[in-house]
Structure formats: structure tokens, C-alpha cells
Amino acid sequence: MKQKSLEKIRHSLAHVLALAVKNLYPKAKFGVGPIIENGFYYDIDLGKSLSIESLPKIETEMKKIIKQGLLFKKKELTLKEAKKLFKDLGQSYKVELLKDLEKYGTTDQNEILNIKSKSVKERKKIVIPKTVSVYQTGDFIDLCRGPHIKNTKELPLSFKLIKISGAYWRGKETNSMLQRITGIAFLKEVELKEYLNQIEEAEKRDHRKLGKELELFSFHDEGVGFPFFHPKGMILRNILEDYWKKEHQKSGYQEVKTPILLNKSLWLRSGHWDHYKENMYFTKIDNEDYAIKPMNCPGGMLIYKSSLHSYRDLPLKVGELGLVHRHELSGVLQGLFRVRCFTQDDAHIYMTPEQVKDEIKKVIDLTDKIYKKFGFSYHVELSTKPENSMGSDQIWQKATKSLKEALKEKKIDFIVNKGQGAFYGPKIDFHLKDCLGRTWQCGTIQLDFIMPEKFDLFYIDKQGKRKRPVMLHRTILGSIERFIGILIENYGGEFPLWLAPVQVAVIPIKEKNVSFAKKVFESVQEKDLRAELWSGEDTLSKKIKKAEEQKIPFVLVIGDKEEKSKKVAVRKRKKGDLGAMTITKFCDILLKEIKKQ
RNA sequence: GCCAAAGUAGUUCAGUGGUAGAACAUCCCCUUGGUAAGGGGAAGGUCGAGGGUUCAAUUCCCUCCUUUGGCUCCA
């Protein structure tokens with residue numbers, strides 16, 4: 001109930017926003033103004049772009065409108081009447097929406113795409129509405145399903161316009177760019193403040209900021225979008241990769257490594273040359289065209305082909321931590337979340353058609369297990385056949401069905417993304433949340449009946465005949481880089497002991513304590529714990545401050561007392577002094593904790 | 001790629017139409033310290049790059065590069 005009224009308020013605020021903009025810029029043409037998580041936005045064509053400075057002015061105008069107590073007046077019009085009304089008002093975007101409604105019975109782009117793919121007979125079944133509703137508030141009339149509040153006076157002032165940006169009309173790159181004004185709104189002022197605080201807190205966890213502070217990685221103008229991993233980032237990365245390798249070994253995977261640079265004929269054969277070219281990097285060697293791999297599969301298939309396979313060997317699971325390069329648009333790059341070269345924790349599973357569903361379920365299980373280790377929540381999406389694709393409809397349907405069935409049998413809810421699959425097959429994607437609530441695609445399971453065909457892969461069946469295997473591409477972490485970014489934000493840089501690049505800092509108090517501190521440091525290292533000896537001249541307090549800032553889990557303070565008693569004074573991150581104990585006991589506690597994690 | 005904002009020392013940031021400053025970090029000296037900054041000194045900047053306006057540009061204008069927030073795309 002509360003949610004309903006909040007949605008009504010946000011939606012009504014979108015209309016107030018539009019009216020405010022109309023008052024300030026009478027020539028404005030309006031796109032759409034839906035509600036979103038925590039607020040609303042309106043896409044508006046002003047014939048020019050706005051800067052962030054204009055937001056307070058619009059916000060003031062909105063508050064003025066709210067105080068005026070304007071009514072939301074609803075009217076039902078026939079499609080024809082509505083089209084005339086918006087045409088007379090000069091609102092061409094609304095007219096375009098009405099035309100879609102008239103033709104397809106919907107304005108949803110996905111739905112329209114779906115309808116377009118249907119047969120003439122099926123198209124006839126579409127229900128076209130006879131009338132549409134419009135809402136008028138002051139001078140602003142909008143094509144809108146509603147519902148709305150009755151009077152602008154009912155609206156709270158606990159809203160804020162927070163963003164202004166460009167947005168393509170109907171999300172299409174080839175359309176004109178409108179101005180998107182985004183606002184957040186809550187029922188109470190306290191809730192608004194709370195949300196703003198939350199954003200501020202989340203910004204402190206930004207992996208780009210922490211990555212610099214904790215000396216994990218960096219980016220340079222000399223290679224835009226290509227991350228540089230520093231020593232501590234490398235430790236984190238290696239731990240993650242070791243864990244990955246261990247889990248995959250346990251699940252029956254083998255590991256391979258394929259070259260980064262391969263020649264044109266391979267990419268022609270795989271279809272990447274025709275379907276993925278704009279994302280690839282190229283070079284010429286001895287006058288022959290080469291491409292840097294944007295995916296690992298073609299290389300993997302050459303390995304498969306290099307020997308004969310029996311049905312007894314299937315399913316064959318081959319993993320590769322493969323470095324791929326993709327020339328992404330400059331505007332989409334974002335720290336480690338979106339880069340131009342990254343390492344996929346890829347694997348290809350070759351199997352008989354009968355094994356497909358079972359193998360998909362096994363991959364889902366492994367994915368779930370690995371995400372749980374880090375305490376991540378995720379949601380699943382299923383993407384179907386895109387426009388630019390290879391293979392027959394029949395094959396696509398079959399592949400999509402197996403993915404759906406596996407998900408259903410695993411009782412996992414999923415969203416369907418029409419037309420978002422890879423060019424060679426449909427896919428399931430796993431999306432993890434970052435600290436700002438944005439979700440990132442990490443794991444993916446892609447079914448592929450096409451590559452085995454292209455590469456003429458086969459296995460020998462019971463009867464000694466050649467048979468075509470089905471292939472499955474999958475990642476769990478997605479990209480090591482992106483996953484590390486999410487890990488950093490998830491833990492706010494306070495890694496659990498097993499992941500912490502430095503687990504223990506050993507701090508001698510005086511110079512004469514250094515030699516004992518060194519012995520402590522060495523015995524901690526001997527237990528395979530990652531330690532650093534801080535024998536510099538700084539004061540104890542200063543070193544402790546630094547250890548806290550570096551978010552090091554444990555600090556060992558070594559002074560005269562410790563040297564005498566042969567014990568170490570233990571300090572835990574964020575907890576403070578834990579008192580003295582023997583080195584053996586300290587190491588045992590840590591090793592136990594690591595094992596538990 | 002598109003829309004908007006930003007770019008000053010290794011880092012975080014002040015500042016100005018008359019060629020720049022702080023804090024932290026670095027190096028040196030003093031201090032021998034008991035759980036989140038002991039004191040002093042030195043060094044460090046073609047003010048993102050190129051062009052234009054001007055007697056004079058880090059500051060104003062243009063182009064480009066990079067970063068940030070979105071759009072589109074994606075692991």
C-alpha cells in the first residue's frame with residue numbers, strides 16, 4: 001500500500017517536473033517520464049542541452065507548482081483525438097508513441113520487436129486499445145496511463161533533482177538525444193536524507209578510490225581502459241585465481257592456455273570477423289592479418305580438434321583464465337568494472353545433446369557455490385536470439401528451451417531479455433550488485449550449437465560413428481578484473497583474512513626491538529601468512545594509523561615487554577588491542593580463521 | 001561514440017589576466033616513542049596537450065586527450 005502511494009507520488013512528481021520545465025522553457029518537447037528505483041526521471045527535448053546548474057531553478061519551480069495546488073485532470077480520448085491533440089501541441093514524441101500504440105497495441109520496444117518477428121496471422125491477435133488516457137496538470141498535458149494523485153498539494157517536498165544527462169530517444173543510438181532529468185523522492189524528509197547519506201557512504205567504497213589508496217591497481221593515459229595491477233593487487237588476484245583453479249579441479253575441469261594473437265582465417269571461421277569486428281583489435285604480421293582475441297573459444301576449439309574424442313570422454317570440461325581484448329566505446333569504461341582488456345574465467349564444455357541440461361545445472365551449482373563464498377546476492381537473466389546472429393530458428397529454440405528448463409528445475413527466477421543473446425547462442429547471465437546498487441553481469445552460461453558446426457567438431461559414438469558435440473561457454477567470476485572491483489566494494493576494502501593482501505604488520509616500538517620483531521616476522525611468514533615488517537623510524541601511533549588506513553587485519557606490536565616475555569601484542573583491525581599471546585597461538589588463531597573462511 | 005561536468009606537486013585539494021600554494025607522502029636532521037599523525041628542514045609543478053586573443057594566459061576562446069555522471073553497448 002505504502003509502495004503504491006510512493007509510486008504514485010514519484011510518477012506525479014515526474015509530471016510536475018515536466019510542467020516546471022515547460023514553464024521555464026516553453027518550447028520543450030516531452031519524451032517519457034517513468035518512475036525508477038528511488039525516484040523518477042523525464043526525458044525532454046529542449047533543442048539544446050542543459051547543465052547541472054539549471055537543476056536548482058527547476059527544483060524551485062517544482063516546489064512553486066506543488067504549493068499552487070494544481071489538479072491532475074484525467075480525460076479519455078480516442079486514439080485519433082489524442083493524436084490530433086498532441087500534434088496541435090507540437091509534441092511529436094507523444095505522437096510517435098501513439099502511432100506505435102495504434103499499430104502494435106504497445107509502446108514497449110521489446111514487445112514491438114517481438115511482434116515484428118511474429119507471423120501475419122499471429123499479429124492479428126494483438127489487442128489495440130480504442131481509447132487512451134491523458135492527464136493535465138496546469139498547462140502540461142501528458143499521454144499517461146496513470147494513476148496519479150489528485151492535487152499537487154498532496155506531494156511531499158522530500159524530493160531532489162540529482163542528475164542531468166543525455167539519453168537517446170527510446171534508447172536507440174541513432175535517435176536524437178534528449179535531456180534526462182533524474183530526481184529522487186521519498187515520503188519523508190528523513191528518508192531522503194538517509195538515502196543521500198547512503199550514497200555518500202557508498203562513494204567511500206568506490207573501488208577506484210580504494211584501489212588507489214590500497215595500492216591495488218592503476219590506470220594510465222598510455223593505455224586507456226587497460227588496468228595495471230600493482231603488487232598488492234596481484235596478491236589478491238592470485239588468491240582468487242588459485243581458489244578458482246582448485247574449485248574447478250574438484251569439479252572435473254582441465255585447464256588450458258591459448259594464444260592472444262591469432263590469424264584472420266580463424267576469426268573468419270568462428271564468425272567473429274563478421275559479427276564482432278567493431279570490438280576487435282587488429283595487427284599485421286609478415287603481411288598477414290591477425291586479431292587479438294576478444295573471446296577464448298576459437299583457440300579452445302583448435303585444442304579440441306587436435307585429438308580424437310570418444311563419447312566416453314564427454315562431457316569434456318576445459319577451463320582457461322584467458323586474457324581478452326575488446327575495443328569498448330570510450331564512454332562506457334569504468335574502473336575495473338568496464339575495461340578494454342580483461343581475464344575471463346572461461347570454460348568450454350563439450351557434450352552430447354543428452355547431457356546438456358544436466359551440465360547446465362552443474363554449472364549453476366558451481367556458480368552458486370562460488371558466489372556464496374563471498375556472500376554475494378545475484379539475479380539471473382535469460383537472453384534470447386539477437387538480430388545479428390548465426391544459425392536457424394529451430395536450433396535457437398532448442399537451445400533456449402534447455403536453458404529455461406535447467407533454470408526451472410533449479411527453481412531459479414529469471415528475467416527474459418529478448419534479442420540480447422550472443423551471436424552464436426542464447427545465454428543465462430548472473431548479475432551481482434555493487435555498493436551503489438548497480439548490478440553487473442558476471443557469470444554467464446552460453447549454449448552453442450553453431451561453433452561446433454563451424455569448426456567441424458566431432459566425437460566418436462558407441463557405434464564408432466562421428467557425432468557433433470554440443471558446446472557450452474561459461475564464466476563464473478565473469479572477468480577477474482570486474483570481480484575484483486566488486487569484491488573491493490563489497491568489503492569496502494576490508495578484505496576477509498584469506499583475501500587480505502597483507503594479513504599482518506609487525507611493528508617494533510624502538511630500534512632495539514627490530515631484531516626480535518624480525519624473528520616474529522619470520523616465524524609468521526613461515527606459517528604462510530602474508531606479513532610485513534615495519535621497522536621504519538615513525539612512531540608507533542603513526543604506524544598503527546597507517547595499518548588501519550591500509551585495512552590490515554592484524555598488527556603485532558613488539559616492544560621491551562614482548563621481547564622479555566617472548567610474546568606478541570596483538571591488535572585487530574577496527575577492534576583495537578587484544579592483549580599479548582605467544583606467536584604460535586597467534587598464528588593458530590589466524591590459520592583457523594582462514595580455514596573457516 | 002553521444003550529452004554534461006572536471007583536469008593545478010606522487011596523492012588530496014586551495015588559488016590567480018602579471019609564469020603558483022597547503023596538507024599528506026618522499027629525502028635529511030633531531031626525538032627512542034606502548035596502540036589512529038612527535039618536531040624541524042629540503043626537494044618536488046612547461047598549472048592535461050596544441051592553437052588563438054592579449055603588452056602579458058595556468059586563468060579568456062577554440063580543438064584534441066583523459067577522468068567523472070548518464071545514454072547506448074557489455075564480462
# chains A, B, ... in the order shown; residues from 1 in each chain; ligands from 1
$ interface_residues --of "chain A" --to "chain B" --cutoff "8 Å" --atoms "only C-alpha atoms (C1' of nucleotides)" --output "ChimeraX atom specification"
/A:49-52,163-168,171-173,177,179,221,328-332,344,441-443,478-479,482,509-511,539-542,544-546,548,559,571,576-577
$ write_last_selection --atoms "N, CA and C atoms" --output "short mmCIF file (atom, residue, chain, number, x, y, z; two decimals), in the first residue's frame"
data_model
loop_
_atom_site.label_atom_id
_atom_site.label_comp_id
_atom_site.auth_asym_id
_atom_site.auth_seq_id
_atom_site.Cartn_x
_atom_site.Cartn_y
_atom_site.Cartn_z
N SER A 49 21.26 21.58 -24.80
CA SER A 49 21.50 20.77 -23.61
C SER A 49 21.56 21.65 -22.37
N LEU A 50 21.16 21.06 -21.27
CA LEU A 50 21.16 21.77 -20.00
C LEU A 50 22.39 21.40 -19.22
N SER A 51 22.86 22.30 -18.36
CA SER A 51 23.95 21.92 -17.47
C SER A 51 23.36 21.74 -16.08
N ILE A 52 24.17 21.15 -15.23
CA ILE A 52 23.72 20.80 -13.88
C ILE A 52 23.25 22.04 -13.09
N LYS A 163 20.41 14.53 -11.10
CA LYS A 163 21.25 14.27 -12.26
C LYS A 163 20.67 14.89 -13.50
N ILE A 164 21.54 15.28 -14.39
CA ILE A 164 21.09 15.65 -15.72
C ILE A 164 22.04 14.99 -16.70
N SER A 165 21.50 14.37 -17.71
CA SER A 165 22.37 13.67 -18.65
C SER A 165 21.67 13.52 -19.99
N GLY A 166 22.42 13.12 -20.97
CA GLY A 166 21.83 12.85 -22.27
C GLY A 166 21.23 11.46 -22.28
N ALA A 167 20.18 11.25 -23.02
CA ALA A 167 19.60 9.92 -23.16
C ALA A 167 18.97 9.86 -24.53
N TYR A 168 19.30 8.78 -25.27
CA TYR A 168 18.73 8.65 -26.61
C TYR A 168 17.23 8.42 -26.55
N GLY A 171 15.99 4.94 -26.30
CA GLY A 171 17.17 4.11 -26.09
C GLY A 171 17.90 3.69 -27.35
N LYS A 172 17.63 4.39 -28.46
CA LYS A 172 18.28 3.98 -29.71
C LYS A 172 19.35 4.98 -30.12
N GLU A 173 20.54 4.45 -30.33
CA GLU A 173 21.72 5.25 -30.63
C GLU A 173 21.53 6.19 -31.82
N MET A 177 19.17 12.87 -29.19
CA MET A 177 19.46 12.78 -27.77
C MET A 177 18.62 13.79 -27.00
N GLN A 179 17.34 15.38 -23.09
CA GLN A 179 17.91 15.66 -21.78
C GLN A 179 17.15 14.85 -20.75
N ASP A 221 47.02 7.04 -18.97
CA ASP A 221 46.64 7.56 -20.28
C ASP A 221 47.30 6.78 -21.41
N GLU A 328 35.95 -1.43 -26.41
CA GLU A 328 34.67 -0.89 -25.96
C GLU A 328 34.64 0.61 -26.22
N LEU A 329 33.44 1.15 -26.34
CA LEU A 329 33.29 2.60 -26.53
C LEU A 329 33.91 3.33 -25.35
N SER A 330 34.59 4.43 -25.65
CA SER A 330 35.31 5.14 -24.58
C SER A 330 34.39 5.54 -23.43
N GLY A 331 33.16 5.89 -23.77
CA GLY A 331 32.25 6.38 -22.73
C GLY A 331 31.77 5.33 -21.75
N VAL A 332 32.02 4.06 -22.02
CA VAL A 332 31.50 3.04 -21.12
C VAL A 332 32.55 2.55 -20.13
N GLN A 344 38.92 -13.53 -18.61
CA GLN A 344 37.70 -14.28 -18.36
C GLN A 344 38.04 -15.59 -17.69
N GLN A 441 26.93 -7.70 -14.80
CA GLN A 441 26.93 -9.05 -15.32
C GLN A 441 28.27 -9.69 -15.02
N CYS A 442 28.24 -10.84 -14.37
CA CYS A 442 29.49 -11.55 -14.09
C CYS A 442 29.44 -12.91 -14.75
N GLY A 443 28.82 -13.86 -14.10
CA GLY A 443 28.77 -15.19 -14.67
C GLY A 443 27.84 -15.25 -15.87
N GLY A 478 33.18 -14.13 -14.29
CA GLY A 478 32.93 -13.23 -15.41
C GLY A 478 34.24 -12.71 -15.92
N SER A 479 34.74 -11.66 -15.28
CA SER A 479 36.10 -11.23 -15.55
C SER A 479 36.76 -11.06 -14.19
N ARG A 482 36.67 -7.33 -13.20
CA ARG A 482 35.38 -6.85 -12.70
C ARG A 482 35.06 -7.45 -11.34
N ILE A 509 58.66 -1.18 18.44
CA ILE A 509 58.49 0.16 19.02
C ILE A 509 59.79 0.96 18.94
N LYS A 510 60.88 0.37 19.44
CA LYS A 510 62.17 1.05 19.38
C LYS A 510 63.09 0.33 18.39
N GLU A 511 64.15 1.02 18.06
CA GLU A 511 65.08 0.43 17.12
C GLU A 511 65.67 -0.86 17.65
N THR A 539 56.69 6.82 14.56
CA THR A 539 56.23 6.43 15.89
C THR A 539 55.22 5.30 15.78
N LEU A 540 55.01 4.64 16.94
CA LEU A 540 54.07 3.52 16.98
C LEU A 540 52.68 3.97 16.53
N SER A 541 52.22 5.10 17.08
CA SER A 541 50.87 5.57 16.74
C SER A 541 50.72 5.78 15.24
N LYS A 542 51.76 6.35 14.68
CA LYS A 542 51.70 6.64 13.26
C LYS A 542 51.61 5.37 12.42
N ILE A 544 50.43 2.54 13.43
CA ILE A 544 49.12 1.93 13.66
C ILE A 544 48.06 2.63 12.82
N LYS A 545 48.19 3.94 12.73
CA LYS A 545 47.26 4.70 11.89
C LYS A 545 47.35 4.19 10.45
N LYS A 546 48.60 4.02 10.01
CA LYS A 546 48.81 3.57 8.64
C LYS A 546 48.23 2.17 8.41
N GLU A 548 45.75 0.82 9.99
CA GLU A 548 44.28 0.91 9.94
C GLU A 548 43.84 1.45 8.58
N GLY A 559 57.60 -4.55 21.66
CA GLY A 559 58.40 -3.63 22.48
C GLY A 559 59.22 -4.41 23.48
N ARG A 571 46.90 -6.57 17.77
CA ARG A 571 45.87 -5.56 17.54
C ARG A 571 45.06 -5.96 16.33
N GLY A 576 41.02 -2.95 17.91
CA GLY A 576 41.99 -2.44 18.86
C GLY A 576 42.80 -3.55 19.51
N ASP A 577 43.39 -3.22 20.65
CA ASP A 577 44.33 -4.09 21.34
C ASP A 577 43.64 -5.35 21.86
#
$ residues_around --residues "Lys245 in chain A" --least-positions-apart "2" --cutoff "12 Å" --atoms "only C-alpha atoms (C1' of nucleotides)" --output "PyMOL selection string"
chain A and resi 238-243+247-256+318-321+345-347+370+476-477
$ closest_residue --among "A:Lys80, A:Arg180, A:Lys410, A:Lys427" --to "Glu381 in chain A" --atoms "only C-alpha atoms"
A:Lys427
$ select_by_dssp --residues "range 56-259 of chain A" --states "strand (DSSP E or B)" --output "PyMOL selection string"
chain A and resi 71+73-78+131-137+140-143+151+159-168+177-185+217-218+228-229+254-255
$ atom_distance --atom1 "CA of Val380 in chain A" --atom2 "CA of Leu432 in chain A"
9.2 Å
$ atom_distance --atom1 "CA of Ile112 in chain A" --atom2 "CA of Asn175 in chain A"
16.8 Å
$ atom_distance --atom1 "C1' of C61 in chain B" --atom2 "C1' of G15 in chain B"
21.6 Å
$ residues_around --residues "Phe30 in chain A" --least-positions-apart "2" --cutoff "8 Å" --atoms "only C-alpha atoms (C1' of nucleotides)" --output "PyMOL selection string"
chain A and resi 18+28+32+42-45+91+93-94
$ closest_residue --among "B:U46, B:U58, B:U63, B:U12" --to "A25 in chain B" --atoms "only C-alpha atoms (C1' of nucleotides)"
B:U12
$ residues_around --residues "range 393-407 of chain A" --least-positions-apart "4" --cutoff "9 Å" --atoms "only C-alpha atoms (C1' of nucleotides)" --output "list in words"
Val356, Lys357, Asp358, Ile360, Lys361, Ile364, Leu382, Ser383, Thr384, Lys385, Lys411, Ile412, Asp413, Phe414, Tyr424, Gly425, Pro426, Lys427, Ile428, Ile445, Gln446, Leu447, Asp448, Phe449 and Ile450 of chain A
$ select_by_dssp --residues "range 314-545 of chain A" --states "helix (DSSP H, G or I)" --output "PyMOL selection string"
chain A and resi 330-332+353-373+393-409+451-454+480-491+511-526+540-545
$ residues_around --residues "Val524 in chain A" --least-positions-apart "5" --cutoff "12 Å" --atoms "only C-alpha atoms (C1' of nucleotides)" --output "PyMOL selection string"
chain A and resi 502-506+517-519+529-533+554-556+568+582-591
$ write_last_selection --atoms "N, CA, C and O atoms" --output "JSON list (two decimals), in the first residue's frame"
[["chain", "number", "residue", "atom", "x", "y", "z"],
["A", 502, "VAL", "N", 47.92, -8.03, 2.65],
["A", 502, "VAL", "CA", 48.81, -8.11, 3.80],
["A", 502, "VAL", "C", 47.95, -8.49, 4.99],
["A", 502, "VAL", "O", 46.98, -7.80, 5.30],
["A", 503, "GLN", "N", 48.30, -9.60, 5.63],
["A", 503, "GLN", "CA", 47.47, -10.06, 6.74],
["A", 503, "GLN", "C", 47.96, -9.53, 8.08],
["A", 503, "GLN", "O", 47.17, -9.28, 8.98],
["A", 504, "VAL", "N", 49.29, -9.37, 8.19],
["A", 504, "VAL", "CA", 49.88, -8.99, 9.46],
["A", 504, "VAL", "C", 50.96, -7.93, 9.25],
["A", 504, "VAL", "O", 51.82, -8.10, 8.40],
["A", 505, "ALA", "N", 50.90, -6.83, 10.04],
["A", 505, "ALA", "CA", 52.01, -5.88, 10.05],
["A", 505, "ALA", "C", 52.72, -6.01, 11.39],
["A", 505, "ALA", "O", 52.07, -5.97, 12.44],
["A", 506, "VAL", "N", 54.04, -6.24, 11.33],
["A", 506, "VAL", "CA", 54.82, -6.37, 12.57],
["A", 506, "VAL", "C", 55.51, -5.04, 12.84],
["A", 506, "VAL", "O", 56.27, -4.54, 12.01],
["A", 517, "ALA", "N", 61.61, -8.29, 16.49],
["A", 517, "ALA", "CA", 60.48, -8.12, 15.58],
["A", 517, "ALA", "C", 60.71, -8.90, 14.28],
["A", 517, "ALA", "O", 59.80, -9.50, 13.72],
["A", 518, "LYS", "N", 61.98, -8.90, 13.85],
["A", 518, "LYS", "CA", 62.31, -9.61, 12.63],
["A", 518, "LYS", "C", 62.10, -11.11, 12.80],
["A", 518, "LYS", "O", 61.60, -11.79, 11.90],
["A", 519, "LYS", "N", 62.46, -11.60, 13.98],
["A", 519, "LYS", "CA", 62.24, -13.03, 14.26],
["A", 519, "LYS", "C", 60.75, -13.35, 14.24],
["A", 519, "LYS", "O", 60.32, -14.37, 13.70],
["A", 529, "LEU", "N", 51.69, -17.04, 6.34],
["A", 529, "LEU", "CA", 50.85, -15.87, 6.50],
["A", 529, "LEU", "C", 51.56, -14.71, 5.82],
["A", 529, "LEU", "O", 52.79, -14.64, 5.83],
["A", 530, "ARG", "N", 50.79, -13.81, 5.21],
["A", 530, "ARG", "CA", 51.39, -12.69, 4.49],
["A", 530, "ARG", "C", 51.65, -11.53, 5.45],
["A", 530, "ARG", "O", 50.70, -10.91, 5.96],
["A", 531, "ALA", "N", 52.94, -11.28, 5.73],
["A", 531, "ALA", "CA", 53.28, -10.29, 6.73],
["A", 531, "ALA", "C", 54.23, -9.25, 6.17],
["A", 531, "ALA", "O", 54.91, -9.46, 5.17],
["A", 532, "GLU", "N", 54.25, -8.07, 6.84],
["A", 532, "GLU", "CA", 55.21, -7.03, 6.52],
["A", 532, "GLU", "C", 55.86, -6.57, 7.81],
["A", 532, "GLU", "O", 55.20, -6.49, 8.85],
["A", 533, "LEU", "N", 57.16, -6.28, 7.74],
["A", 533, "LEU", "CA", 57.88, -5.77, 8.91],
["A", 533, "LEU", "C", 58.07, -4.27, 8.72],
["A", 533, "LEU", "O", 58.69, -3.84, 7.76],
["A", 554, "PHE", "N", 45.61, -7.63, 11.00],
["A", 554, "PHE", "CA", 46.27, -7.75, 12.29],
["A", 554, "PHE", "C", 47.58, -6.98, 12.35],
["A", 554, "PHE", "O", 48.33, -6.92, 11.38],
["A", 555, "VAL", "N", 47.83, -6.40, 13.55],
["A", 555, "VAL", "CA", 49.09, -5.72, 13.80],
["A", 555, "VAL", "C", 49.74, -6.38, 15.01],
["A", 555, "VAL", "O", 49.05, -6.67, 16.00],
["A", 556, "LEU", "N", 51.04, -6.65, 14.93],
["A", 556, "LEU", "CA", 51.76, -7.16, 16.09],
["A", 556, "LEU", "C", 52.71, -6.08, 16.57],
["A", 556, "LEU", "O", 53.58, -5.63, 15.83],
["A", 568, "VAL", "N", 53.68, -11.66, 21.74],
["A", 568, "VAL", "CA", 53.40, -10.54, 20.83],
["A", 568, "VAL", "C", 52.12, -9.84, 21.27],
["A", 568, "VAL", "O", 51.18, -10.50, 21.72],
["A", 582, "THR", "N", 51.35, -15.86, 22.70],
["A", 582, "THR", "CA", 52.56, -16.40, 22.06],
["A", 582, "THR", "C", 52.37, -16.35, 20.55],
["A", 582, "THR", "O", 51.25, -16.30, 20.04],
["A", 583, "ILE", "N", 53.50, -16.37, 19.84],
["A", 583, "ILE", "CA", 53.45, -16.33, 18.38],
["A", 583, "ILE", "C", 52.68, -17.53, 17.84],
["A", 583, "ILE", "O", 51.88, -17.41, 16.92],
["A", 584, "THR", "N", 52.93, -18.69, 18.44],
["A", 584, "THR", "CA", 52.27, -19.91, 17.98],
["A", 584, "THR", "C", 50.76, -19.78, 18.09],
["A", 584, "THR", "O", 50.02, -20.13, 17.17],
["A", 585, "LYS", "N", 50.31, -19.26, 19.23],
["A", 585, "LYS", "CA", 48.87, -19.13, 19.44],
["A", 585, "LYS", "C", 48.29, -18.15, 18.41],
["A", 585, "LYS", "O", 47.24, -18.41, 17.82],
["A", 586, "PHE", "N", 49.01, -17.04, 18.20],
["A", 586, "PHE", "CA", 48.53, -16.04, 17.25],
["A", 586, "PHE", "C", 48.37, -16.65, 15.86],
["A", 586, "PHE", "O", 47.33, -16.52, 15.21],
["A", 587, "CYS", "N", 49.39, -17.37, 15.42],
["A", 587, "CYS", "CA", 49.34, -17.98, 14.09],
["A", 587, "CYS", "C", 48.21, -19.00, 14.01],
["A", 587, "CYS", "O", 47.51, -19.07, 13.00],
["A", 588, "ASP", "N", 48.02, -19.77, 15.08],
["A", 588, "ASP", "CA", 46.96, -20.77, 15.09],
["A", 588, "ASP", "C", 45.59, -20.12, 14.90],
["A", 588, "ASP", "O", 44.77, -20.61, 14.13],
["A", 589, "ILE", "N", 45.38, -19.02, 15.63],
["A", 589, "ILE", "CA", 44.09, -18.32, 15.52],
["A", 589, "ILE", "C", 43.84, -17.89, 14.09],
["A", 589, "ILE", "O", 42.76, -18.10, 13.54],
["A", 590, "LEU", "N", 44.89, -17.30, 13.47],
["A", 590, "LEU", "CA", 44.73, -16.82, 12.10],
["A", 590, "LEU", "C", 44.49, -17.97, 11.11],
["A", 590, "LEU", "O", 43.61, -17.89, 10.27],
["A", 591, "LEU", "N", 45.28, -19.03, 11.27],
["A", 591, "LEU", "CA", 45.15, -20.15, 10.34],
["A", 591, "LEU", "C", 43.78, -20.79, 10.45],
["A", 591, "LEU", "O", 43.19, -21.20, 9.45]]
